[in-house]
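*Asks:* Sharing entry05.pdb, PDB, C-alpha atoms, pLDDT in the B column:
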```pdb
ATOM      1  CA  MET A  17     207.965  64.277  30.678  1.00 47.00           C
ATOM      2  CA  PRO A  18     209.266  60.688  30.260  1.00 48.00           C
ATOM      3  CA  HIS A  19     208.327  58.222  32.931  1.00 48.00           C
ATOM      4  CA  HIS A  20     209.087  54.653  33.777  1.00 48.00           C
ATOM      5  CA  GLY A  21     206.890  51.795  34.805  1.00 48.00           C
ATOM      6  CA  ASN A  22     203.536  50.461  33.727  1.00 49.00           C
ATOM      7  CA  GLU A  23     201.342  52.900  31.763  1.00 46.00           C
ATOM      8  CA  GLU A  24     198.152  51.615  33.400  1.00 47.00           C
ATOM      9  CA  GLU A  25     199.553  52.100  36.893  1.00 46.00           C
ATOM     10  CA  HIS A  26     200.655  55.596  35.966  1.00 47.00           C
ATOM     11  CA  GLY A  27     197.211  56.455  34.554  1.00 48.00           C
ATOM     12  CA  SER A  28     195.360  55.037  37.546  1.00 48.00           C
ATOM     13  CA  SER A  29     197.577  56.976  39.963  1.00 49.00           C
ATOM     14  CA  GLU A  30     196.829  60.185  38.089  1.00 50.00           C
ATOM     15  CA  SER A  31     193.079  59.421  38.228  1.00 50.00           C
ATOM     16  CA  ARG A  32     193.271  58.861  41.962  1.00 51.00           C
ATOM     17  CA  ARG A  33     195.183  62.100  42.384  1.00 52.00           C
ATOM     18  CA  ASP A  34     192.608  64.046  40.337  1.00 52.00           C
ATOM     19  CA  ALA A  35     189.762  62.541  42.366  1.00 47.00           C
ATOM     20  CA  ALA A  36     191.543  63.462  45.607  1.00 47.00           C
ATOM     21  CA  ASN A  37     192.032  67.021  44.353  1.00 49.00           C
ATOM     22  CA  GLN A  38     188.319  67.249  43.459  1.00 48.00           C
ATOM     23  CA  GLU A  39     187.302  65.960  46.887  1.00 49.00           C
ATOM     24  CA  GLY A  40     189.527  68.500  48.572  1.00 50.00           C
ATOM     25  CA  GLU A  41     188.153  71.411  46.572  1.00 50.00           C
ATOM     26  CA  PRO A  42     185.245  73.319  48.175  1.00 51.00           C
ATOM     27  CA  GLN A  43     181.908  72.850  46.430  1.00 53.00           C
ATOM     28  CA  LYS A  44     181.000  75.802  44.246  1.00 53.00           C
ATOM     29  CA  PRO A  45     177.767  77.583  45.186  1.00 55.00           C
ATOM     30  CA  ILE A  46     174.767  77.095  42.901  1.00 55.00           C
ATOM     31  CA  ILE A  47     173.362  80.392  41.666  1.00 55.00           C
ATOM     32  CA  HIS A  48     169.730  80.592  40.561  1.00 54.00           C
ATOM     33  CA  ASP A  49     168.837  83.317  38.093  1.00 59.00           C
ATOM     34  CA  ASN A  50     165.499  84.739  39.305  1.00 60.00           C
ATOM     35  CA  ARG A  51     165.563  87.818  37.118  1.00 59.00           C
ATOM     36  CA  LYS A  52     162.225  88.576  35.445  1.00 57.00           C
ATOM     37  CA  VAL A  53     163.944  89.733  32.205  1.00 55.00           C
ATOM     38  CA  ASP A  54     166.354  87.513  30.272  1.00 62.00           C
ATOM     39  CA  PRO A  55     169.649  89.511  30.051  1.00 61.00           C
ATOM     40  CA  LYS A  56     170.548  87.895  26.703  1.00 61.00           C
ATOM     41  CA  THR A  57     167.268  88.155  24.786  1.00 62.00           C
ATOM     42  CA  GLY A  58     165.619  91.016  26.665  1.00 58.00           C
ATOM     43  CA  GLN A  59     162.371  89.022  26.791  1.00 60.00           C
ATOM     44  CA  ALA A  60     160.211  88.824  29.913  1.00 57.00           C
ATOM     45  CA  ARG A  61     160.264  85.526  31.742  1.00 57.00           C
ATOM     46  CA  HIS A  62     157.024  83.847  32.902  1.00 55.00           C
ATOM     47  CA  PRO A  63     157.770  81.488  35.810  1.00 54.00           C
ATOM     48  CA  ASP A  64     154.069  80.848  36.379  1.00 52.00           C
ATOM     49  CA  GLN A  65     153.655  79.532  32.857  1.00 47.00           C
ATOM     50  CA  GLU A  66     156.735  77.324  33.205  1.00 49.00           C
ATOM     51  CA  ARG A  67     155.414  75.832  36.428  1.00 51.00           C
ATOM     52  CA  ALA A  68     151.996  75.326  34.844  1.00 46.00           C
ATOM     53  CA  ALA A  69     153.595  73.492  31.923  1.00 43.00           C
ATOM     54  CA  GLY A  70     155.514  71.249  34.301  1.00 45.00           C
ATOM     55  CA  GLU A  71     152.332  70.422  36.192  1.00 48.00           C
ATOM     56  CA  ALA A  72     150.140  69.903  33.119  1.00 41.00           C
ATOM     57  CA  ASP A  73     150.219  66.121  33.440  1.00 45.00           C
ATOM     58  CA  SER A  74     149.597  66.028  37.192  1.00 45.00           C
ATOM     59  CA  ARG A  75     146.172  65.049  38.473  1.00 49.00           C
ATOM     60  CA  ASP A  76     144.476  66.106  41.651  1.00 58.00           C
ATOM     61  CA  ALA A  77     145.808  64.538  44.857  1.00 56.00           C
ATOM     62  CA  LEU A  78     142.603  62.713  45.668  1.00 59.00           C
ATOM     63  CA  SER A  79     142.583  60.898  42.304  1.00 65.00           C
ATOM     64  CA  GLN A  80     146.233  59.909  42.651  1.00 61.00           C
ATOM     65  CA  ALA A  81     145.694  58.589  46.162  1.00 60.00           C
ATOM     66  CA  GLU A  82     142.677  56.609  45.013  1.00 63.00           C
ATOM     67  CA  ASP A  83     144.678  55.043  42.174  1.00 66.00           C
ATOM     68  CA  ILE A  84     147.382  54.009  44.637  1.00 62.00           C
ATOM     69  CA  LEU A  85     144.871  52.397  46.979  1.00 58.00           C
ATOM     70  CA  ASN A  86     143.181  50.572  44.102  1.00 62.00           C
ATOM     71  CA  SER A  87     146.460  49.245  42.699  1.00 62.00           C
ATOM     72  CA  VAL A  88     148.101  48.043  45.929  1.00 54.00           C
ATOM     73  CA  GLU A  89     147.764  44.321  46.678  1.00 54.00           C
ATOM     74  CA  VAL A  90     149.252  42.155  49.391  1.00 49.00           C
ATOM     75  CA  PRO A  91     149.700  38.665  47.862  1.00 52.00           C
ATOM     76  CA  ALA A  92     149.647  35.999  50.554  1.00 49.00           C
ATOM     77  CA  ALA A  93     152.093  33.671  48.770  1.00 49.00           C
ATOM     78  CA  GLU A  94     154.817  36.295  48.517  1.00 51.00           C
ATOM     79  CA  SER A  95     154.214  37.361  52.097  1.00 48.00           C
ATOM     80  CA  VAL A  96     154.704  33.808  53.341  1.00 46.00           C
ATOM     81  CA  ALA A  97     157.879  33.532  51.266  1.00 48.00           C
ATOM     82  CA  GLN A  98     159.212  36.642  52.967  1.00 53.00           C
ATOM     83  CA  GLY A  99     158.596  35.258  56.433  1.00 51.00           C
ATOM     84  CA  VAL A 100     155.071  36.556  57.017  1.00 54.00           C
ATOM     85  CA  ASP A 101     152.482  33.927  57.880  1.00 67.00           C
ATOM     86  CA  GLY A 102     149.095  33.693  56.179  1.00 76.00           C
ATOM     87  CA  ALA A 103     147.176  35.181  59.125  1.00 82.00           C
ATOM     88  CA  GLU A 104     149.327  38.291  59.163  1.00 82.00           C
ATOM     89  CA  ALA A 105     149.026  38.665  55.395  1.00 81.00           C
ATOM     90  CA  GLU A 106     145.234  38.443  55.660  1.00 84.00           C
ATOM     91  CA  GLU A 107     145.287  41.048  58.418  1.00 85.00           C
ATOM     92  CA  LEU A 108     147.304  43.359  56.191  1.00 85.00           C
ATOM     93  CA  ARG A 109     144.777  42.903  53.396  1.00 85.00           C
ATOM     94  CA  ASN A 110     141.913  43.678  55.765  1.00 86.00           C
ATOM     95  CA  ASP A 111     143.701  46.817  56.940  1.00 87.00           C
ATOM     96  CA  LEU A 112     144.118  47.886  53.340  1.00 87.00           C
ATOM     97  CA  ARG A 113     140.424  47.264  52.612  1.00 88.00           C
ATOM     98  CA  ARG A 114     139.417  49.318  55.647  1.00 89.00           C
ATOM     99  CA  LEU A 115     141.737  52.129  54.587  1.00 89.00           C
ATOM    100  CA  GLN A 116     140.303  52.064  51.092  1.00 88.00           C
ATOM    101  CA  ALA A 117     136.716  52.146  52.412  1.00 89.00           C
ATOM    102  CA  GLU A 118     137.553  55.071  54.690  1.00 91.00           C
ATOM    103  CA  TYR A 119     139.082  56.933  51.781  1.00 90.00           C
ATOM    104  CA  VAL A 120     136.036  56.321  49.549  1.00 90.00           C
ATOM    105  CA  ASN A 121     133.756  57.652  52.298  1.00 92.00           C
ATOM    106  CA  TYR A 122     136.031  60.663  52.741  1.00 92.00           C
ATOM    107  CA  ARG A 123     135.956  61.406  49.015  1.00 91.00           C
ATOM    108  CA  LYS A 124     132.153  61.192  48.913  1.00 92.00           C
ATOM    109  CA  ARG A 125     131.921  63.494  51.915  1.00 93.00           C
ATOM    110  CA  VAL A 126     134.221  66.046  50.272  1.00 92.00           C
ATOM    111  CA  GLU A 127     132.204  65.984  47.042  1.00 92.00           C
ATOM    112  CA  ARG A 128     128.945  66.359  48.984  1.00 92.00           C
ATOM    113  CA  ASP A 129     130.354  69.301  50.943  1.00 93.00           C
ATOM    114  CA  ARG A 130     131.453  70.959  47.710  1.00 92.00           C
ATOM    115  CA  ALA A 131     127.965  70.569  46.232  1.00 90.00           C
ATOM    116  CA  VAL A 132     126.343  72.007  49.372  1.00 90.00           C
ATOM    117  CA  ALA A 133     128.769  74.941  49.391  1.00 92.00           C
ATOM    118  CA  GLY A 134     127.941  75.715  45.749  1.00 89.00           C
ATOM    119  CA  GLU A 135     124.205  75.519  46.447  1.00 89.00           C
ATOM    120  CA  MET A 136     124.502  77.827  49.449  1.00 91.00           C
ATOM    121  CA  ALA A 137     126.468  80.338  47.386  1.00 92.00           C
ATOM    122  CA  VAL A 138     123.696  80.440  44.750  1.00 91.00           C
ATOM    123  CA  ILE A 139     121.014  80.795  47.437  1.00 93.00           C
ATOM    124  CA  GLY A 140     122.937  83.676  49.009  1.00 93.00           C
ATOM    125  CA  VAL A 141     122.987  85.537  45.683  1.00 92.00           C
ATOM    126  CA  LEU A 142     119.276  84.872  45.097  1.00 94.00           C
ATOM    127  CA  ASN A 143     118.352  86.138  48.576  1.00 94.00           C
ATOM    128  CA  SER A 144     120.303  89.333  47.998  1.00 94.00           C
ATOM    129  CA  LEU A 145     118.318  89.997  44.800  1.00 94.00           C
ATOM    130  CA  LEU A 146     114.834  89.484  46.276  1.00 95.00           C
ATOM    131  CA  PRO A 147     114.456  93.197  47.232  1.00 94.00           C
ATOM    132  CA  VAL A 148     115.315  94.121  43.645  1.00 94.00           C
ATOM    133  CA  LEU A 149     112.593  91.784  42.389  1.00 94.00           C
ATOM    134  CA  ASP A 150     110.144  93.422  44.822  1.00 93.00           C
ATOM    135  CA  ASP A 151     110.951  96.815  43.316  1.00 93.00           C
ATOM    136  CA  VAL A 152     110.444  95.369  39.835  1.00 92.00           C
ATOM    137  CA  ASP A 153     107.020  94.024  40.875  1.00 91.00           C
ATOM    138  CA  ALA A 154     106.041  97.370  42.388  1.00 91.00           C
ATOM    139  CA  ALA A 155     107.096  99.232  39.234  1.00 91.00           C
ATOM    140  CA  ARG A 156     105.145  96.763  37.079  1.00 89.00           C
ATOM    141  CA  GLN A 157     101.983  97.186  39.201  1.00 87.00           C
ATOM    142  CA  HIS A 158     102.227 100.959  38.863  1.00 87.00           C
ATOM    143  CA  GLY A 159     102.567 100.701  35.077  1.00 85.00           C
ATOM    144  CA  ASP A 160     106.178 101.832  34.931  1.00 82.00           C
ATOM    145  CA  LEU A 161     107.349  98.664  33.138  1.00 82.00           C
ATOM    146  CA  THR A 162     104.752  98.329  30.430  1.00 81.00           C
ATOM    147  CA  ASP A 163     107.260  99.190  27.721  1.00 81.00           C
ATOM    148  CA  GLY A 164     110.717 100.625  27.169  1.00 82.00           C
ATOM    149  CA  PRO A 165     114.288  99.605  28.010  1.00 86.00           C
ATOM    150  CA  PHE A 166     113.650  99.131  31.735  1.00 88.00           C
ATOM    151  CA  ALA A 167     110.934  96.596  31.015  1.00 89.00           C
ATOM    152  CA  ALA A 168     113.372  94.638  28.839  1.00 90.00           C
ATOM    153  CA  ILE A 169     116.052  94.772  31.529  1.00 91.00           C
ATOM    154  CA  ALA A 170     113.595  93.547  34.183  1.00 91.00           C
ATOM    155  CA  ALA A 171     112.527  90.642  31.953  1.00 90.00           C
ATOM    156  CA  LYS A 172     116.153  89.658  31.316  1.00 93.00           C
ATOM    157  CA  LEU A 173     116.907  89.727  35.045  1.00 93.00           C
ATOM    158  CA  GLU A 174     113.936  87.508  35.892  1.00 92.00           C
ATOM    159  CA  ASN A 175     114.754  85.038  33.113  1.00 92.00           C
ATOM    160  CA  ALA A 176     118.400  84.868  34.198  1.00 93.00           C
ATOM    161  CA  LEU A 177     117.389  84.066  37.778  1.00 93.00           C
ATOM    162  CA  LYS A 178     115.069  81.316  36.562  1.00 91.00           C
ATOM    163  CA  THR A 179     118.078  79.511  35.120  1.00 91.00           C
ATOM    164  CA  TYR A 180     119.409  79.241  38.689  1.00 89.00           C
ATOM    165  CA  GLY A 181     116.201  77.571  39.859  1.00 90.00           C
ATOM    166  CA  LEU A 182     114.360  80.613  41.231  1.00 94.00           C
ATOM    167  CA  VAL A 183     110.577  80.053  41.232  1.00 94.00           C
ATOM    168  CA  ARG A 184     107.996  82.701  42.117  1.00 94.00           C
ATOM    169  CA  ILE A 185     105.191  81.872  44.571  1.00 95.00           C
ATOM    170  CA  ASP A 186     102.268  84.096  43.539  1.00 92.00           C
ATOM    171  CA  GLU A 187      99.353  81.830  42.686  1.00 93.00           C
ATOM    172  CA  THR A 188      95.852  82.711  43.868  1.00 92.00           C
ATOM    173  CA  GLY A 189      92.901  80.377  44.262  1.00 91.00           C
ATOM    174  CA  VAL A 190      95.112  77.611  45.660  1.00 93.00           C
ATOM    175  CA  GLU A 191      94.893  75.978  49.054  1.00 93.00           C
ATOM    176  CA  PHE A 192      96.665  77.851  51.805  1.00 95.00           C
ATOM    177  CA  ASP A 193      99.971  76.127  52.621  1.00 94.00           C
ATOM    178  CA  PRO A 194     101.759  77.407  55.738  1.00 94.00           C
ATOM    179  CA  THR A 195     105.096  76.136  54.411  1.00 94.00           C
ATOM    180  CA  ILE A 196     105.037  78.580  51.469  1.00 95.00           C
ATOM    181  CA  HIS A 197     102.391  81.131  52.519  1.00 96.00           C
ATOM    182  CA  GLU A 198     102.303  83.708  55.279  1.00 95.00           C
ATOM    183  CA  ALA A 199      98.732  84.728  56.114  1.00 95.00           C
ATOM    184  CA  LEU A 200      98.488  88.430  56.921  1.00 95.00           C
ATOM    185  CA  ILE A 201      94.717  88.719  56.701  1.00 93.00           C
ATOM    186  CA  GLN A 202      91.882  86.192  57.011  1.00 93.00           C
ATOM    187  CA  GLN A 203      88.436  86.981  55.723  1.00 92.00           C
ATOM    188  CA  PRO A 204      85.315  84.881  55.181  1.00 90.00           C
ATOM    189  CA  GLY A 205      84.852  83.503  51.709  1.00 83.00           C
ATOM    190  CA  PRO A 206      81.343  82.671  50.550  1.00 80.00           C
ATOM    191  CA  ASP A 207      82.322  80.009  48.028  1.00 84.00           C
ATOM    192  CA  VAL A 208      85.312  78.302  49.700  1.00 86.00           C
ATOM    193  CA  GLU A 209      85.320  75.069  51.654  1.00 89.00           C
ATOM    194  CA  ILE A 210      88.960  75.202  52.734  1.00 92.00           C
ATOM    195  CA  ASP A 211      91.411  77.992  53.503  1.00 93.00           C
ATOM    196  CA  THR A 212      92.233  79.478  50.108  1.00 93.00           C
ATOM    197  CA  VAL A 213      94.679  82.144  48.947  1.00 94.00           C
ATOM    198  CA  SER A 214      92.518  84.973  47.629  1.00 93.00           C
ATOM    199  CA  GLN A 215      95.204  87.633  47.098  1.00 93.00           C
ATOM    200  CA  VAL A 216      99.008  87.833  47.122  1.00 94.00           C
ATOM    201  CA  LEU A 217     100.357  90.952  48.800  1.00 93.00           C
ATOM    202  CA  ARG A 218     104.022  90.108  48.294  1.00 94.00           C
ATOM    203  CA  SER A 219     105.365  87.303  46.134  1.00 94.00           C
ATOM    204  CA  GLY A 220     107.348  84.501  47.675  1.00 95.00           C
ATOM    205  CA  TYR A 221     110.258  82.623  46.134  1.00 96.00           C
ATOM    206  CA  LYS A 222     111.805  79.183  46.309  1.00 95.00           C
ATOM    207  CA  SER A 223     114.797  77.440  44.781  1.00 92.00           C
ATOM    208  CA  GLY A 224     114.246  73.747  44.268  1.00 86.00           C
ATOM    209  CA  ASP A 225     112.693  72.408  47.483  1.00 87.00           C
ATOM    210  CA  ARG A 226     114.075  75.265  49.580  1.00 91.00           C
ATOM    211  CA  VAL A 227     111.695  78.140  50.337  1.00 94.00           C
ATOM    212  CA  LEU A 228     113.659  81.376  50.252  1.00 95.00           C
ATOM    213  CA  ARG A 229     110.743  83.542  51.336  1.00 95.00           C
ATOM    214  CA  ALA A 230     107.088  82.746  51.987  1.00 95.00           C
ATOM    215  CA  ALA A 231     104.448  84.663  50.068  1.00 96.00           C
ATOM    216  CA  GLN A 232     102.439  87.167  52.093  1.00 95.00           C
ATOM    217  CA  VAL A 233      98.798  86.525  51.292  1.00 96.00           C
ATOM    218  CA  ILE A 234      95.167  87.184  52.199  1.00 95.00           C
ATOM    219  CA  VAL A 235      93.356  83.970  53.046  1.00 95.00           C
ATOM    220  CA  ALA A 236      89.690  83.307  52.421  1.00 94.00           C
ATOM    221  CA  VAL A 237      88.270  80.973  55.079  1.00 92.00           C
ATOM    222  CA  PRO A 238      84.940  79.092  55.010  1.00 88.00           C
ATOM    223  CA  ALA A 239      82.121  81.219  56.361  1.00 77.00           C
TER     224      ALA A 239
END
```
In C-alpha coordinates, what does this structure look like?
*Replies:*
Amino acid sequence: MPHHGNEEEHGSSESRRDAANQEGEPQKPIIHDNRKVDPKTGQARHPDQERAAGEADSRDALSQAEDILNSVEVPAAESVAQGVDGAEAEELRNDLRRLQAEYVNYRKRVERDRAVAGEMAVIGVLNSLLPVLDDVDAARQHGDLTDGPFAAIAAKLENALKTYGLVRIDETGVEFDPTIHEALIQQPGPDVEIDTVSQVLRSGYKSGDRVLRAAQVIVAVPA
(Lines of atoms letter the chains of each structure in order from A and count residues from 1; the text may use other names and numbers.)
(Lines give C-alpha, C1' and ligand atoms only; values in the text may rest on other atoms or scores of the structure.)
Protein backbone atom coordinates (compact mmCIF):
# COMPACT_ATOMS: atom_id res chain seq x y z
CA MET A 1 0.00 0.00 0.00
CA PRO A 2 1.45 3.45 -0.86
CA HIS A 3 2.14 5.77 2.01
CA HIS A 4 3.28 9.30 2.48
CA GLY A 5 5.83 10.83 4.77
CA ASN A 6 9.30 9.91 5.92
CA GLU A 7 10.29 6.25 5.43
CA GLU A 8 12.26 6.18 8.69
CA GLU A 9 9.33 7.51 10.69
CA HIS A 10 7.06 4.95 9.08
CA GLY A 11 9.49 2.10 9.87
CA SER A 12 10.00 3.21 13.46
CA SER A 13 6.24 3.45 14.02
CA GLU A 14 5.81 -0.09 12.73
CA SER A 15 8.59 -1.31 15.06
CA ARG A 16 6.92 0.34 18.02
CA ARG A 17 3.60 -1.21 17.05
CA ASP A 18 5.16 -4.69 16.75
CA ALA A 19 6.85 -4.29 20.14
CA ALA A 20 3.54 -3.20 21.69
CA ASN A 21 1.80 -6.22 20.16
CA GLN A 22 4.50 -8.53 21.57
CA GLU A 23 4.18 -6.98 25.03
CA GLY A 24 0.44 -7.44 24.95
CA GLU A 25 0.64 -11.08 23.93
CA PRO A 26 0.61 -13.63 26.80
CA GLN A 27 3.90 -15.43 27.34
CA LYS A 28 3.87 -18.93 25.90
CA PRO A 29 4.45 -21.73 28.42
CA ILE A 30 7.81 -23.50 28.33
CA ILE A 31 7.43 -27.25 27.92
CA HIS A 32 10.21 -29.56 29.11
CA ASP A 33 10.45 -32.95 27.45
CA ASN A 34 11.16 -35.43 30.27
CA ARG A 35 10.44 -38.55 28.26
CA LYS A 36 12.99 -41.33 28.78
CA VAL A 37 12.84 -42.36 25.08
CA ASP A 38 13.54 -39.91 22.26
CA PRO A 39 10.38 -39.95 20.05
CA LYS A 40 12.42 -39.16 16.90
CA THR A 41 15.34 -41.58 17.22
CA GLY A 42 13.80 -44.19 19.53
CA GLN A 43 16.98 -44.16 21.63
CA ALA A 44 16.92 -44.16 25.43
CA ARG A 45 17.87 -40.92 27.10
CA HIS A 46 20.35 -40.84 30.02
CA PRO A 47 19.77 -37.69 32.11
CA ASP A 48 22.23 -38.86 34.75
CA GLN A 49 25.03 -39.03 32.21
CA GLU A 50 24.15 -35.59 30.85
CA ARG A 51 24.24 -34.09 34.33
CA ALA A 52 27.53 -35.86 35.05
CA ALA A 53 29.03 -34.42 31.86
CA GLY A 54 27.90 -30.94 32.83
CA GLU A 55 29.47 -31.31 36.26
CA ALA A 56 32.72 -32.88 35.06
CA ASP A 57 34.70 -29.67 35.51
CA SER A 58 33.27 -28.81 38.93
CA ARG A 59 35.39 -29.36 42.02
CA ASP A 60 34.28 -30.13 45.52
CA ALA A 61 32.72 -27.25 47.45
CA LEU A 62 35.43 -27.13 50.08
CA SER A 63 38.18 -26.66 47.47
CA GLN A 64 36.23 -23.92 45.70
CA ALA A 65 35.57 -22.08 48.96
CA GLU A 66 39.24 -22.32 49.89
CA ASP A 67 40.28 -20.88 46.52
CA ILE A 68 37.90 -17.96 47.03
CA LEU A 69 39.27 -17.22 50.49
CA ASN A 70 42.86 -17.43 49.24
CA SER A 71 42.22 -15.11 46.29
CA VAL A 72 40.24 -12.36 48.04
CA GLU A 73 42.23 -9.28 49.08
CA VAL A 74 41.16 -5.98 50.57
CA PRO A 75 43.66 -3.36 49.28
CA ALA A 76 43.88 -0.43 51.67
CA ALA A 77 44.55 2.17 48.95
CA GLU A 78 41.41 1.33 47.01
CA SER A 79 39.38 1.21 50.20
CA VAL A 80 40.50 4.71 51.15
CA ALA A 81 39.65 5.92 47.65
CA GLN A 82 36.14 4.55 48.06
CA GLY A 83 35.60 6.39 51.33
CA VAL A 84 36.83 3.74 53.76
CA ASP A 85 39.58 4.83 56.12
CA GLY A 86 42.74 2.82 56.71
CA ALA A 87 41.64 1.51 60.12
CA GLU A 88 38.44 0.07 58.72
CA ALA A 89 40.31 -1.49 55.80
CA GLU A 90 42.74 -3.14 58.22
CA GLU A 91 39.82 -4.42 60.27
CA LEU A 92 38.30 -5.94 57.15
CA ARG A 93 41.60 -7.66 56.36
CA ASN A 94 41.80 -9.03 59.90
CA ASP A 95 38.25 -10.34 59.62
CA LEU A 96 39.17 -12.06 56.38
CA ARG A 97 42.27 -13.62 57.97
CA ARG A 98 40.21 -14.91 60.89
CA LEU A 99 37.62 -16.34 58.51
CA GLN A 100 40.34 -18.03 56.50
CA ALA A 101 41.94 -19.51 59.64
CA GLU A 102 38.56 -20.80 60.82
CA TYR A 103 37.96 -22.41 57.45
CA VAL A 104 41.40 -24.09 57.44
CA ASN A 105 40.71 -25.51 60.91
CA TYR A 106 37.29 -26.69 59.76
CA ARG A 107 38.78 -28.43 56.73
CA LYS A 108 41.40 -30.19 58.86
CA ARG A 109 38.71 -31.30 61.29
CA VAL A 110 36.58 -32.70 58.46
CA GLU A 111 39.54 -34.61 57.00
CA ARG A 112 40.44 -35.98 60.44
CA ASP A 113 36.85 -37.09 61.04
CA ARG A 114 36.81 -38.84 57.67
CA ALA A 115 40.02 -40.71 58.51
CA VAL A 116 38.66 -41.77 61.91
CA ALA A 117 35.39 -42.93 60.33
CA GLY A 118 37.30 -45.05 57.80
CA GLU A 119 39.47 -46.56 60.54
CA MET A 120 36.44 -47.41 62.66
CA ALA A 121 34.76 -49.07 59.69
CA VAL A 122 37.81 -51.32 59.14
CA ILE A 123 37.98 -52.16 62.86
CA GLY A 124 34.29 -53.08 62.84
CA VAL A 125 34.85 -55.55 59.99
CA LEU A 126 37.91 -57.04 61.70
CA ASN A 127 36.03 -57.51 64.98
CA SER A 128 33.22 -59.30 63.18
CA LEU A 129 35.72 -61.78 61.69
CA LEU A 130 37.51 -62.68 64.94
CA PRO A 131 35.13 -65.61 65.70
CA VAL A 132 35.85 -66.98 62.22
CA LEU A 133 39.58 -66.81 62.92
CA ASP A 134 38.99 -68.66 66.22
CA ASP A 135 37.26 -71.46 64.31
CA VAL A 136 40.17 -71.56 61.86
CA ASP A 137 42.63 -71.88 64.77
CA ALA A 138 40.57 -74.65 66.36
CA ALA A 139 40.39 -76.56 63.06
CA ARG A 140 44.16 -76.16 62.59
CA GLN A 141 44.88 -77.47 66.12
CA HIS A 142 42.71 -80.51 65.47
CA GLY A 143 44.55 -81.25 62.21
CA ASP A 144 41.64 -80.40 59.93
CA LEU A 145 43.62 -77.76 57.99
CA THR A 146 46.84 -79.58 57.31
CA ASP A 147 46.09 -79.82 53.61
CA GLY A 148 43.32 -79.41 51.07
CA PRO A 149 41.19 -76.54 49.75
CA PHE A 150 40.00 -75.39 53.18
CA ALA A 151 43.58 -74.90 54.33
CA ALA A 152 44.23 -72.72 51.27
CA ILE A 153 41.08 -70.69 51.90
CA ALA A 154 42.04 -70.15 55.56
CA ALA A 155 45.52 -68.98 54.54
CA LYS A 156 44.08 -66.54 51.99
CA LEU A 157 41.68 -65.13 54.58
CA GLU A 158 44.45 -64.57 57.13
CA ASN A 159 46.74 -62.96 54.55
CA ALA A 160 43.95 -60.67 53.34
CA LEU A 161 43.27 -59.48 56.89
CA LYS A 162 46.96 -58.76 57.41
CA THR A 163 46.79 -56.21 54.62
CA TYR A 164 44.30 -54.27 56.77
CA GLY A 165 46.74 -54.18 59.68
CA LEU A 166 45.48 -57.18 61.67
CA VAL A 167 48.24 -58.62 63.89
CA ARG A 168 47.92 -61.81 65.93
CA ILE A 169 48.97 -61.82 69.60
CA ASP A 170 50.09 -65.40 70.31
CA GLU A 171 53.70 -65.27 71.45
CA THR A 172 54.85 -67.40 74.38
CA GLY A 173 57.90 -66.86 76.55
CA VAL A 174 57.37 -63.09 76.59
CA GLU A 175 56.75 -60.88 79.58
CA PHE A 176 53.15 -60.71 80.67
CA ASP A 177 51.61 -57.41 79.53
CA PRO A 178 48.15 -56.63 80.96
CA THR A 179 47.41 -54.32 78.03
CA ILE A 180 47.51 -57.20 75.51
CA HIS A 181 47.21 -60.29 77.74
CA GLU A 182 44.39 -61.62 79.87
CA ALA A 183 45.68 -64.00 82.55
CA LEU A 184 43.29 -66.90 83.11
CA ILE A 185 45.66 -69.09 85.09
CA GLN A 186 48.79 -68.37 87.15
CA GLN A 187 51.20 -71.12 88.04
CA PRO A 188 54.69 -71.13 89.54
CA GLY A 189 57.53 -71.26 87.07
CA PRO A 190 60.85 -72.69 88.20
CA ASP A 191 63.03 -70.77 85.76
CA VAL A 192 61.25 -67.39 85.50
CA GLU A 193 62.13 -64.18 87.28
CA ILE A 194 59.17 -62.15 86.05
CA ASP A 195 55.60 -62.96 85.08
CA THR A 196 55.91 -64.75 81.75
CA VAL A 197 53.38 -66.04 79.22
CA SER A 198 53.80 -69.81 79.22
CA GLN A 199 50.80 -70.78 77.07
CA VAL A 200 48.22 -69.03 74.88
CA LEU A 201 44.71 -70.40 75.27
CA ARG A 202 43.10 -68.02 72.79
CA SER A 203 44.94 -65.69 70.43
CA GLY A 204 44.51 -61.97 70.72
CA TYR A 205 44.49 -59.43 67.90
CA LYS A 206 45.40 -55.80 67.37
CA SER A 207 45.25 -53.33 64.50
CA GLY A 208 48.00 -50.76 64.64
CA ASP A 209 48.15 -49.50 68.24
CA ARG A 210 44.56 -50.52 68.96
CA VAL A 211 44.05 -53.83 70.77
CA LEU A 212 40.96 -55.50 69.36
CA ARG A 213 41.04 -58.41 71.79
CA ALA A 214 43.52 -59.40 74.49
CA ALA A 215 45.08 -62.85 74.33
CA GLN A 216 43.91 -65.30 76.98
CA VAL A 217 47.02 -66.84 78.47
CA ILE A 218 48.52 -68.94 81.27
CA VAL A 219 51.12 -66.98 83.21
CA ALA A 220 54.17 -68.47 84.86
CA VAL A 221 55.10 -66.50 87.99
CA PRO A 222 58.37 -66.66 89.98
CA ALA A 223 58.27 -69.41 92.57
*Asks:* Report as number ranges by chain the residues that result from applying the PyMOL selection byres ((chain A and resi 239) around 10) to the structure here.
*Replies:* A: 203-210, 236-238
*Asks:* Which is closer to Thr188 of chain A than all the others in A:Leu149, A:Leu142, A:Val235, A:Ala154, using all atoms listed in the file?
*Replies:*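 Using all atoms listed in the file, the shortest distance to Thr188 of chain A belongs to A:Val235.
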*Asks:* In the coordinate frame of the file, compute which residues have an atom within 12 Å of (109.7, 93.0, 30.5) when using all atoms listed in the file, and state them as a PyMOL selection string.
*Replies:* chain A and resi 152-153+155-156+159-175
*Asks:* For the point (121.5, 75.3, 40.4) in file coordinates, what residues are within 10 Å, counting all atoms listed in the file? Give the answer as a ChimeraX atom specification?
*Replies:* /A:131,134-139,178-182,223-224
*Asks:* At what distance in Å, to one decimal, does atom CA of Ser144 of chain A lie from atom CA of Val227 of chain A?
*Replies:* 14.3 Å
*Asks:* Check which residues satisfy the PyMOL selection byres ((chain A and resi 201) around 8) in the file shown, then give them as a ChimeraX atom specification.
*Replies:* /A:199-200,202-203,233-235
*Asks:* Please save C-alpha atoms of the selected residues as a PDB file, in the frame of the given file.
*Replies:*
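Contents of result.pdb, as written:
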```pdb
ATOM      1  CA  ALA A 199      98.732  84.728  56.114  1.00 95.00           C
ATOM      2  CA  LEU A 200      98.488  88.430  56.921  1.00 95.00           C
ATOM      3  CA  GLN A 202      91.882  86.192  57.011  1.00 93.00           C
ATOM      4  CA  GLN A 203      88.436  86.981  55.723  1.00 92.00           C
ATOM      5  CA  VAL A 233      98.798  86.525  51.292  1.00 96.00           C
ATOM      6  CA  ILE A 234      95.167  87.184  52.199  1.00 95.00           C
ATOM      7  CA  VAL A 235      93.356  83.970  53.046  1.00 95.00           C
TER       8      VAL A 235
END
```
*Asks:* Please report the interatomic distance between atom CA of Gln157 of chain A and atom CA of Val216 of chain A in Å with one decimal.
*Replies:*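 Result for atom CA of Gln157 of chain A versus atom CA of Val216 of chain A: 12.6 Å, one decimal.
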*Asks:* What is the atom CA of Val148 of chain A to atom CA of Glu191 of chain A distance in Å?
*Replies:* 27.8 Å
*Asks:* Of the residues A:Asn110, A:Asn121, A:Gln116, A:Asn143, which is the one nearest to Arg226 of chain A, using only C-alpha atoms?
*Replies:* A:Asn143
